[in-house]
$ cat data.cif   # mmCIF, C-alpha atoms
data_final
#
loop_
_atom_site.label_atom_id
_atom_site.label_comp_id
_atom_site.auth_asym_id
_atom_site.auth_seq_id
_atom_site.Cartn_x
_atom_site.Cartn_y
_atom_site.Cartn_z
CA ALA A 1 -52.73 -74.07 110.40
CA ALA A 2 -53.14 -73.11 106.73
CA ALA A 3 -53.22 -69.43 107.65
CA ALA A 4 -50.12 -69.78 109.72
CA ALA A 5 -48.33 -71.51 106.86
CA ALA A 6 -49.31 -68.75 104.42
CA ALA A 7 -48.09 -66.04 106.82
CA ALA A 8 -44.79 -67.85 107.26
CA ALA A 9 -44.34 -68.13 103.49
CA ALA A 10 -45.03 -64.40 103.01
CA ALA A 11 -42.53 -63.49 105.73
CA THR A 12 -39.93 -65.71 104.10
CA ALA A 13 -40.47 -64.04 100.68
CA THR A 14 -40.19 -60.57 102.21
CA ALA A 15 -36.99 -61.48 103.98
CA ALA A 16 -35.54 -62.88 100.76
CA ALA A 17 -36.36 -59.72 98.84
CA ALA A 18 -34.78 -57.60 101.55
CA THR A 19 -31.70 -59.78 101.42
CA ARG A 20 -31.46 -59.36 97.63
CA ARG A 21 -31.77 -55.55 97.95
CA ALA A 22 -29.15 -55.48 100.67
CA ARG A 23 -26.77 -57.49 98.52
CA ALA A 24 -27.35 -55.10 95.58
CA MET A 25 -26.73 -51.94 97.58
CA PRO A 26 -22.92 -52.13 97.69
CA ASP A 27 -22.84 -52.32 93.90
CA ILE A 28 -25.13 -49.31 93.59
CA VAL A 29 -23.20 -47.32 96.20
CA GLU A 30 -19.92 -48.27 94.57
CA LEU A 31 -21.19 -47.18 91.17
CA ALA A 32 -22.43 -43.84 92.50
CA SER A 33 -19.16 -43.26 94.31
CA SER A 34 -17.21 -44.06 91.18
CA GLU A 35 -19.20 -41.50 89.17
CA ASP A 36 -18.89 -38.79 91.81
CA GLU A 37 -15.16 -39.21 92.10
CA ALA A 38 -14.49 -39.44 88.37
CA PRO A 39 -12.23 -36.60 87.28
CA ALA A 40 -13.89 -33.88 85.18
CA PRO A 41 -12.91 -33.84 81.52
CA ALA A 42 -10.00 -31.53 80.82
CA GLN A 43 -10.97 -28.13 79.47
CA SER A 44 -9.27 -27.25 76.21
CA ASP A 45 -7.80 -23.78 75.75
CA ALA A 46 -8.10 -24.05 71.99
CA SER A 47 -10.52 -21.68 70.32
CA PRO A 48 -13.68 -23.05 68.68
CA CYS A 49 -12.08 -22.40 65.31
CA ALA A 50 -9.14 -24.66 66.12
CA SER A 51 -11.13 -27.83 65.59
CA ALA A 52 -12.48 -28.72 62.19
CA THR A 53 -14.54 -31.67 63.45
CA ARG A 54 -18.26 -31.19 63.72
CA ASP A 55 -21.37 -33.30 63.73
CA PRO A 56 -22.47 -33.32 60.08
CA GLU A 57 -26.08 -32.98 61.21
CA GLN A 58 -25.33 -29.66 62.88
CA ARG A 59 -25.68 -27.62 59.73
CA HIS A 60 -27.11 -24.51 61.36
CA PRO A 61 -24.58 -22.06 62.88
CA ALA A 62 -26.62 -21.93 66.09
CA ALA A 63 -25.99 -25.66 66.58
CA TRP A 64 -22.20 -25.35 66.58
CA SER A 65 -20.93 -26.00 70.08
CA ALA A 66 -17.97 -24.43 71.78
CA THR A 67 -16.27 -27.81 72.03
CA ALA A 68 -16.99 -29.10 68.54
CA GLY A 69 -15.89 -25.92 66.80
CA PHE A 70 -16.65 -25.28 63.14
CA PRO A 71 -14.75 -25.59 59.86
CA ILE A 72 -13.43 -22.50 58.18
CA ARG A 73 -15.53 -23.20 55.09
CA ASN A 74 -18.63 -22.31 57.13
CA LEU A 75 -17.29 -18.93 58.27
CA GLU A 76 -19.25 -17.11 55.58
CA ILE A 77 -22.48 -18.78 56.73
CA LEU A 78 -21.79 -17.65 60.28
CA MET A 79 -21.03 -14.05 59.30
CA ASN A 80 -24.10 -13.73 57.07
CA HIS A 81 -26.54 -15.38 59.45
CA PRO A 82 -29.16 -12.83 60.70
CA GLY A 83 -28.47 -13.74 64.31
CA SER A 84 -24.72 -13.37 64.02
CA VAL A 85 -22.40 -10.50 64.86
CA ARG A 86 -19.95 -9.66 62.12
CA ALA A 87 -16.33 -10.02 63.19
CA VAL A 88 -13.87 -7.92 61.18
CA ILE A 89 -10.11 -7.91 61.51
CA ARG A 90 -8.77 -4.36 61.30
CA ASP A 91 -6.60 -4.04 58.21
CA GLY A 92 -5.40 -0.71 56.86
CA LYS A 93 -4.46 -2.10 53.45
CA LYS A 94 -7.81 -3.81 53.06
CA ALA A 95 -9.57 -0.58 54.03
CA SER A 96 -7.58 1.41 51.47
CA SER A 97 -8.35 -1.15 48.77
CA LEU A 98 -12.07 -0.94 49.52
CA LYS A 99 -11.91 2.85 49.30
CA GLU A 100 -10.30 2.67 45.84
CA GLU A 101 -13.03 0.31 44.66
CA GLY A 102 -15.60 2.71 46.08
CA ASN A 103 -14.01 5.60 44.20
CA LYS A 104 -14.41 3.71 40.92
CA LEU A 105 -18.07 3.10 41.62
CA PHE A 106 -18.58 6.75 42.57
CA LYS A 107 -17.11 7.92 39.27
CA ALA A 108 -19.42 5.47 37.49
CA GLY A 109 -22.43 6.98 39.24
CA GLN A 110 -23.07 3.85 41.32
CA TRP A 111 -23.45 5.78 44.56
CA GLU A 112 -25.38 3.23 46.61
CA GLU A 113 -22.83 0.52 45.84
CA ALA A 114 -20.01 2.95 46.64
CA ILE A 115 -21.62 3.67 50.00
CA GLU A 116 -21.39 -0.03 50.88
CA LEU A 117 -17.68 -0.14 50.04
CA TYR A 118 -16.88 3.03 51.99
CA SER A 119 -18.80 1.57 54.94
CA ASP A 120 -16.77 -1.64 54.68
CA ALA A 121 -13.59 0.45 54.55
CA LEU A 122 -14.62 2.10 57.82
CA ASP A 123 -15.18 -1.33 59.38
CA PHE A 124 -11.69 -2.50 58.40
CA CYS A 125 -9.96 0.79 59.22
CA PRO A 126 -7.77 0.44 62.36
CA ASP A 127 -9.00 2.46 65.31
CA THR A 128 -5.70 4.21 65.97
CA ASP A 129 -4.41 7.77 65.67
CA ASP A 130 -2.37 6.81 62.60
CA PHE A 131 -5.57 6.05 60.70
CA LYS A 132 -7.72 8.99 61.84
CA TYR A 133 -7.24 10.83 58.56
CA SER A 134 -8.07 7.68 56.57
CA ALA A 135 -11.30 7.22 58.51
CA ALA A 136 -12.17 10.87 57.91
CA VAL A 137 -11.63 10.37 54.16
CA PHE A 138 -13.90 7.31 54.11
CA LEU A 139 -16.61 9.27 55.92
CA CYS A 140 -16.27 12.27 53.62
CA ASN A 141 -16.39 10.07 50.52
CA ARG A 142 -19.53 8.39 51.79
CA ALA A 143 -21.00 11.83 52.45
CA ALA A 144 -20.34 12.71 48.79
CA CYS A 145 -22.49 9.71 47.79
CA PHE A 146 -25.25 10.76 50.17
CA LEU A 147 -25.12 14.26 48.69
CA GLN A 148 -25.65 12.85 45.21
CA LEU A 149 -28.62 10.83 46.47
CA GLY A 150 -30.13 13.79 48.31
CA HIS A 151 -29.73 12.24 51.77
CA LEU A 152 -28.79 15.57 53.29
CA GLU A 153 -29.05 14.64 56.97
CA ASP A 154 -26.65 11.75 56.37
CA VAL A 155 -24.24 14.16 54.65
CA VAL A 156 -24.24 16.41 57.70
CA GLU A 157 -23.75 13.45 60.06
CA ASP A 158 -20.85 11.89 58.13
CA CYS A 159 -19.09 15.22 57.60
CA THR A 160 -19.48 16.07 61.27
CA ASP A 161 -17.94 12.73 62.24
CA ALA A 162 -15.10 13.34 59.78
CA LEU A 163 -14.45 16.79 61.25
CA GLU A 164 -14.29 15.33 64.75
CA LEU A 165 -11.36 13.26 63.50
CA GLU A 166 -9.83 16.03 61.32
CA PRO A 167 -11.16 19.49 62.33
CA ARG A 168 -9.41 21.23 59.41
CA TYR A 169 -10.67 18.86 56.71
CA VAL A 170 -11.72 21.32 53.99
CA LYS A 171 -13.69 18.88 51.81
CA ALA A 172 -15.84 17.84 54.75
CA LEU A 173 -16.58 21.49 55.59
CA ILE A 174 -17.53 22.29 51.99
CA ARG A 175 -19.80 19.25 51.64
CA ARG A 176 -21.49 19.95 54.95
CA ALA A 177 -22.01 23.56 53.88
CA LYS A 178 -23.75 22.38 50.70
CA ALA A 179 -26.03 20.10 52.71
CA HIS A 180 -26.82 22.89 55.19
CA GLU A 181 -27.71 25.25 52.36
CA GLN A 182 -30.06 22.72 50.75
CA LEU A 183 -31.62 22.16 54.18
CA GLU A 184 -32.12 25.96 54.29
CA ASP A 185 -29.86 26.33 57.30
CA LEU A 186 -28.01 29.26 55.76
CA ASP A 187 -26.32 30.40 58.96
CA ALA A 188 -24.72 26.98 59.48
CA ALA A 189 -23.64 26.86 55.84
CA LEU A 190 -22.08 30.31 56.11
CA ALA A 191 -20.21 29.28 59.27
CA ASP A 192 -18.72 26.26 57.49
CA LEU A 193 -17.58 28.36 54.54
CA ALA A 194 -16.08 30.94 56.89
CA LYS A 195 -14.08 28.14 58.52
CA VAL A 196 -12.86 26.97 55.09
CA LEU A 197 -11.62 30.49 54.23
CA GLU A 198 -9.92 30.66 57.61
CA ILE A 199 -8.01 27.50 56.71
CA ASP A 200 -7.36 28.35 53.06
CA PRO A 201 -8.15 31.95 52.00
CA SER A 202 -7.06 31.23 48.41
CA LEU A 203 -10.20 29.24 47.52
CA HIS A 204 -11.94 31.71 45.20
CA ALA A 205 -15.06 29.62 44.59
CA VAL A 206 -15.64 29.24 48.32
CA ARG A 207 -15.22 32.99 48.79
CA GLN A 208 -17.86 33.61 46.13
CA ASP A 209 -20.25 31.18 47.81
CA HIS A 210 -19.61 32.86 51.15
CA LYS A 211 -20.41 36.25 49.67
CA ARG A 212 -23.58 34.94 48.02
CA LEU A 213 -24.84 33.29 51.20
CA ASP A 214 -24.03 36.34 53.28
CA ALA A 215 -26.14 38.47 50.93
CA GLN A 216 -29.00 35.94 51.04
CA ILE A 217 -28.98 35.92 54.84
CA LYS A 218 -29.06 39.72 55.01
CA GLU A 219 -31.92 39.85 52.50
CA LYS A 220 -33.82 37.22 54.44
CA ASN A 221 -33.31 39.08 57.69
CA GLU A 222 -34.52 42.33 56.11
CA LYS A 223 -37.70 40.63 54.91
CA LEU A 224 -38.30 39.19 58.35
CA LYS A 225 -37.74 42.60 59.89
CA ASP A 226 -40.17 44.26 57.46
CA GLU A 227 -42.81 41.63 58.21
CA MET A 228 -42.33 42.10 61.93
CA MET A 229 -42.46 45.90 61.66
CA GLY A 230 -45.64 45.65 59.58
CA LYS A 231 -47.33 43.53 62.24
CA LEU A 232 -46.17 45.87 64.99
CA LYS A 233 -47.43 48.88 63.01
CA ASP A 234 -50.86 47.33 62.67
CA LEU A 235 -50.94 46.61 66.37
CA GLY A 236 -49.73 50.13 67.22
CA ASN A 237 -52.32 51.78 64.99
CA THR A 238 -55.03 49.72 66.66
CA VAL A 239 -53.96 50.97 70.10
CA LEU A 240 -53.17 54.58 69.09
CA GLY A 241 -56.38 54.89 67.09
CA LYS A 242 -58.27 55.02 70.36
CA PHE A 243 -56.45 58.29 71.08
CA GLY A 244 -56.83 59.77 67.62
CA LEU A 245 -53.24 58.97 66.68
CA SER A 246 -51.37 56.58 64.41
CA LEU A 247 -47.83 55.50 63.88
CA ASP A 248 -47.68 57.93 60.98
CA ASN A 249 -47.23 60.54 63.70
CA PHE A 250 -43.93 58.92 64.59
CA LYS A 251 -40.93 59.10 62.32
CA THR A 252 -38.06 56.63 62.54
CA VAL A 253 -34.58 57.43 61.28
CA GLN A 254 -31.80 54.84 61.02
CA ASP A 255 -28.25 55.78 61.93
CA PRO A 256 -26.05 54.60 59.02
CA ASN A 257 -23.07 54.13 61.32
CA THR A 258 -24.64 52.05 64.05
CA GLY A 259 -27.77 50.71 62.35
CA SER A 260 -29.90 51.79 65.32
CA TYR A 261 -33.13 53.80 64.99
CA SER A 262 -34.28 57.06 66.55
CA ILE A 263 -37.99 57.99 66.83
CA SER A 264 -39.47 61.49 66.67
CA PHE A 265 -43.09 62.61 67.08
CA GLN A 266 -44.79 64.71 64.39
CA GLN A 267 -48.26 66.26 64.37
#

$ encode --input "data.cif" --output "structure tokens"
Amino acid sequence: AAAAAAAAAAATATAAAATRRARAMPDIVELASSEDEAPAPAQSDASPCASATRDPEQRHPAAWSATAGFPIRNLEILMNHPGSVRAVIRDGKKASSLKEEGNKLFKAGQWEEAIELYSDALDFCPDTDDFKYSAAVFLCNRAACFLQLGHLEDVVEDCTDALELEPRYVKALIRRAKAHEQLEDLDAALADLAKVLEIDPSLHAVRQDHKRLDAQIKEKNEKLKDEMMGKLKDLGNTVLGKFGLSLDNFKTVQDPNTGSYSISFQQ
């Protein structure tokens, strides 16, 4: 009888718990339904910069959310942060102003600082046909700084970029020629000077440099030819010596009109 009473009590408790759960279910279902059917928050079309409200604890630029936005006073922090990409608004007047400041530094011999300003000018320079010449000037001015610092490869690169924008830019050709000469690429330097004279034959100093380089190239080629002929002569004498002959038995005569050589055999 006691066991039966205990079993009945347990069954009653279980039934009561089930009843309580069943009564709670509508509330739970209703709550879930209410959440599922709740309209999504409206998406704002405003840019992140439009809102100046931000959690004061979010001091790091990486913590700024797209919805919270960020105040303008923190723009400098954002631009200078190592993980940030610099955003620059193209502005021809700003670019020109930076170039003028760079020119002052160049004249003062502050070439590295001038390079930074010319680079900034390039960043602000509008990417349109109207500003192609301006961009070429900024590049050529920066190349002048690199030339002073002895960064010859950078001179060639900047002048080449400038000439892609303005193919008849004389200053860029002259500066690239100087860099080529110091890099001992005399043929490239001569080609640049020849292009300058094609554009403006009145440049006497350039003509003199062209003449000097042309003479240097010819002298260099003659030395290379003599060295090559000497090596060939040694090789020929080694082979001909087996037959009791030498290259002294062969006489070469150069034709002054054509520059070619004729060979005759002598005992």

$ atom_distance --input "data.cif" --atom1 "CA of Leu173 (chain A)" --atom2 "CA of Asp192 (chain A)"
5.6 Å

$ resolve_selection --input "data.cif" --expression "the PyMOL selection byres ((chain A and resi 210) around 12)" --output "number ranges by chain"
A: 174, 177-178, 181, 186-198, 201, 203-209, 211-217

$ atom_distance --input "data.cif" --atom1 "CA of Glu157 (chain A)" --atom2 "CA of Cys145 (chain A)"
12.9 Å

$ atom_distance --input "data.cif" --atom1 "CA of Gly92 (chain A)" --atom2 "CA of Glu166 (chain A)"
17.9 Å

$ residues_near_point --input "data.cif" --point "(-7.1, 10.0, 60.1)" --cutoff "12 Å" --atoms "only C-alpha atoms" --output "PyMOL selection string"
chain A and resi 92+122+125-140+161-169

$ closest_residue --input "data.cif" --among "A:Glu153, A:Ser260, A:Asp120, A:Asp185" --to "Ile89 (chain A)" --atoms "all atoms listed in the file"
A:Asp120

$ axis_aligned_box --input "data.cif" --around "region 184-189 of chain A" --padding-each-side "3 Å" --output "lines of an AutoDock Vina configuration file"
center_x = -27.9
center_y = 28.2
center_z = 56.9
size_x = 14.5
size_y = 10.4
size_z = 11.2

$ decode --input "data.cif" --residues "region 121-232 of chain A" --atoms "C-alpha atoms" --output "compact mmCIF listing (two decimals), in the first residue's frame"
# COMPACT_ATOMS: atom_id res chain seq x y z
CA ALA A 121 51.84 66.97 -55.07
CA LEU A 122 51.59 63.87 -57.26
CA ASP A 123 49.04 62.38 -54.85
CA PHE A 124 46.85 65.49 -55.01
CA CYS A 125 47.29 66.05 -58.76
CA PRO A 126 44.06 65.27 -60.66
CA ASP A 127 44.31 62.26 -62.94
CA THR A 128 43.03 64.03 -66.05
CA ASP A 129 44.53 65.10 -69.37
CA ASP A 130 44.48 68.74 -68.25
CA PHE A 131 46.98 67.94 -65.50
CA LYS A 132 49.32 65.62 -67.41
CA TYR A 133 51.95 68.33 -67.80
CA SER A 134 51.71 69.23 -64.10
CA ALA A 135 52.25 65.61 -63.11
CA ALA A 136 55.24 65.42 -65.46
CA VAL A 137 56.72 68.52 -63.80
CA PHE A 138 56.28 67.03 -60.31
CA LEU A 139 58.02 63.84 -61.45
CA CYS A 140 60.85 65.73 -63.12
CA ASN A 141 61.37 67.92 -60.05
CA ARG A 142 61.53 64.85 -57.84
CA ALA A 143 64.03 63.34 -60.26
CA ALA A 144 66.21 66.45 -59.80
CA CYS A 145 66.27 65.73 -56.06
CA PHE A 146 67.17 62.10 -56.66
CA LEU A 147 69.97 63.23 -58.96
CA GLN A 148 71.41 65.42 -56.21
CA LEU A 149 71.26 62.48 -53.79
CA GLY A 150 72.86 60.09 -56.27
CA HIS A 151 69.78 57.85 -56.56
CA LEU A 152 70.33 57.36 -60.27
CA GLU A 153 67.88 54.51 -60.87
CA ASP A 154 65.12 56.62 -59.32
CA VAL A 155 66.07 59.49 -61.63
CA VAL A 156 65.69 57.26 -64.67
CA GLU A 157 62.35 55.90 -63.42
CA ASP A 158 60.81 59.30 -62.63
CA CYS A 159 62.02 60.88 -65.87
CA THR A 160 60.70 57.93 -67.86
CA ASP A 161 57.30 58.30 -66.19
CA ALA A 162 57.35 62.04 -66.93
CA LEU A 163 58.18 61.38 -70.60
CA GLU A 164 55.27 58.95 -70.87
CA LEU A 165 53.04 61.89 -69.96
CA GLU A 166 54.97 64.50 -72.00
CA PRO A 167 57.22 62.83 -74.63
CA ARG A 168 58.85 66.14 -75.63
CA TYR A 169 59.70 67.27 -72.10
CA VAL A 170 63.28 68.51 -72.56
CA LYS A 171 64.22 68.76 -68.87
CA ALA A 172 63.24 65.16 -68.27
CA LEU A 173 65.34 64.02 -71.24
CA ILE A 174 68.37 65.98 -70.05
CA ARG A 175 68.13 64.70 -66.47
CA ARG A 176 67.68 61.13 -67.62
CA ALA A 177 70.70 61.52 -69.91
CA LYS A 178 72.81 62.66 -66.93
CA ALA A 179 71.69 59.65 -64.91
CA HIS A 180 72.40 57.28 -67.81
CA GLU A 181 75.88 58.71 -68.21
CA GLN A 182 76.68 58.30 -64.51
CA LEU A 183 75.36 54.73 -64.75
CA GLU A 184 77.82 54.28 -67.66
CA ASP A 185 75.02 53.63 -70.12
CA LEU A 186 76.51 56.00 -72.68
CA ASP A 187 74.40 54.82 -75.61
CA ALA A 188 71.16 55.56 -73.73
CA ALA A 189 72.50 58.96 -72.65
CA LEU A 190 73.45 59.80 -76.23
CA ALA A 191 69.99 58.79 -77.45
CA ASP A 192 68.33 61.12 -74.94
CA LEU A 193 70.54 64.05 -75.96
CA ALA A 194 69.86 63.35 -79.63
CA LYS A 195 66.13 63.55 -78.87
CA VAL A 196 66.65 66.89 -77.09
CA LEU A 197 68.46 68.33 -80.13
CA GLU A 198 65.67 67.04 -82.34
CA ILE A 199 63.20 69.03 -80.24
CA ASP A 200 65.36 72.12 -79.76
CA PRO A 201 68.52 72.33 -81.92
CA SER A 202 69.46 75.70 -80.38
CA LEU A 203 70.64 74.21 -77.06
CA HIS A 204 74.40 74.69 -77.40
CA ALA A 205 75.35 73.01 -74.11
CA VAL A 206 73.39 69.90 -75.04
CA ARG A 207 75.07 69.82 -78.45
CA GLN A 208 78.48 69.94 -76.75
CA ASP A 209 77.52 67.10 -74.42
CA HIS A 210 76.26 65.09 -77.38
CA LYS A 211 79.54 65.59 -79.20
CA ARG A 212 81.56 64.64 -76.12
CA LEU A 213 79.56 61.47 -75.50
CA ASP A 214 79.71 60.48 -79.15
CA ALA A 215 83.51 60.74 -79.04
CA GLN A 216 83.64 58.72 -75.80
CA ILE A 217 81.50 55.97 -77.29
CA LYS A 218 83.68 55.76 -80.41
CA GLU A 219 86.83 55.63 -78.28
CA LYS A 220 85.33 52.93 -76.11
CA ASN A 221 84.30 50.89 -79.13
CA GLU A 222 87.80 51.20 -80.61
CA LYS A 223 89.34 49.90 -77.39
CA LEU A 224 86.93 47.00 -77.33
CA LYS A 225 87.74 46.23 -80.94
CA ASP A 226 91.49 46.33 -80.28
CA GLU A 227 91.09 43.99 -77.31
CA MET A 228 89.01 41.61 -79.38
CA MET A 229 91.46 41.69 -82.29
CA GLY A 230 94.34 41.02 -79.90
CA LYS A 231 92.61 37.95 -78.50
CA LEU A 232 91.76 36.72 -82.00
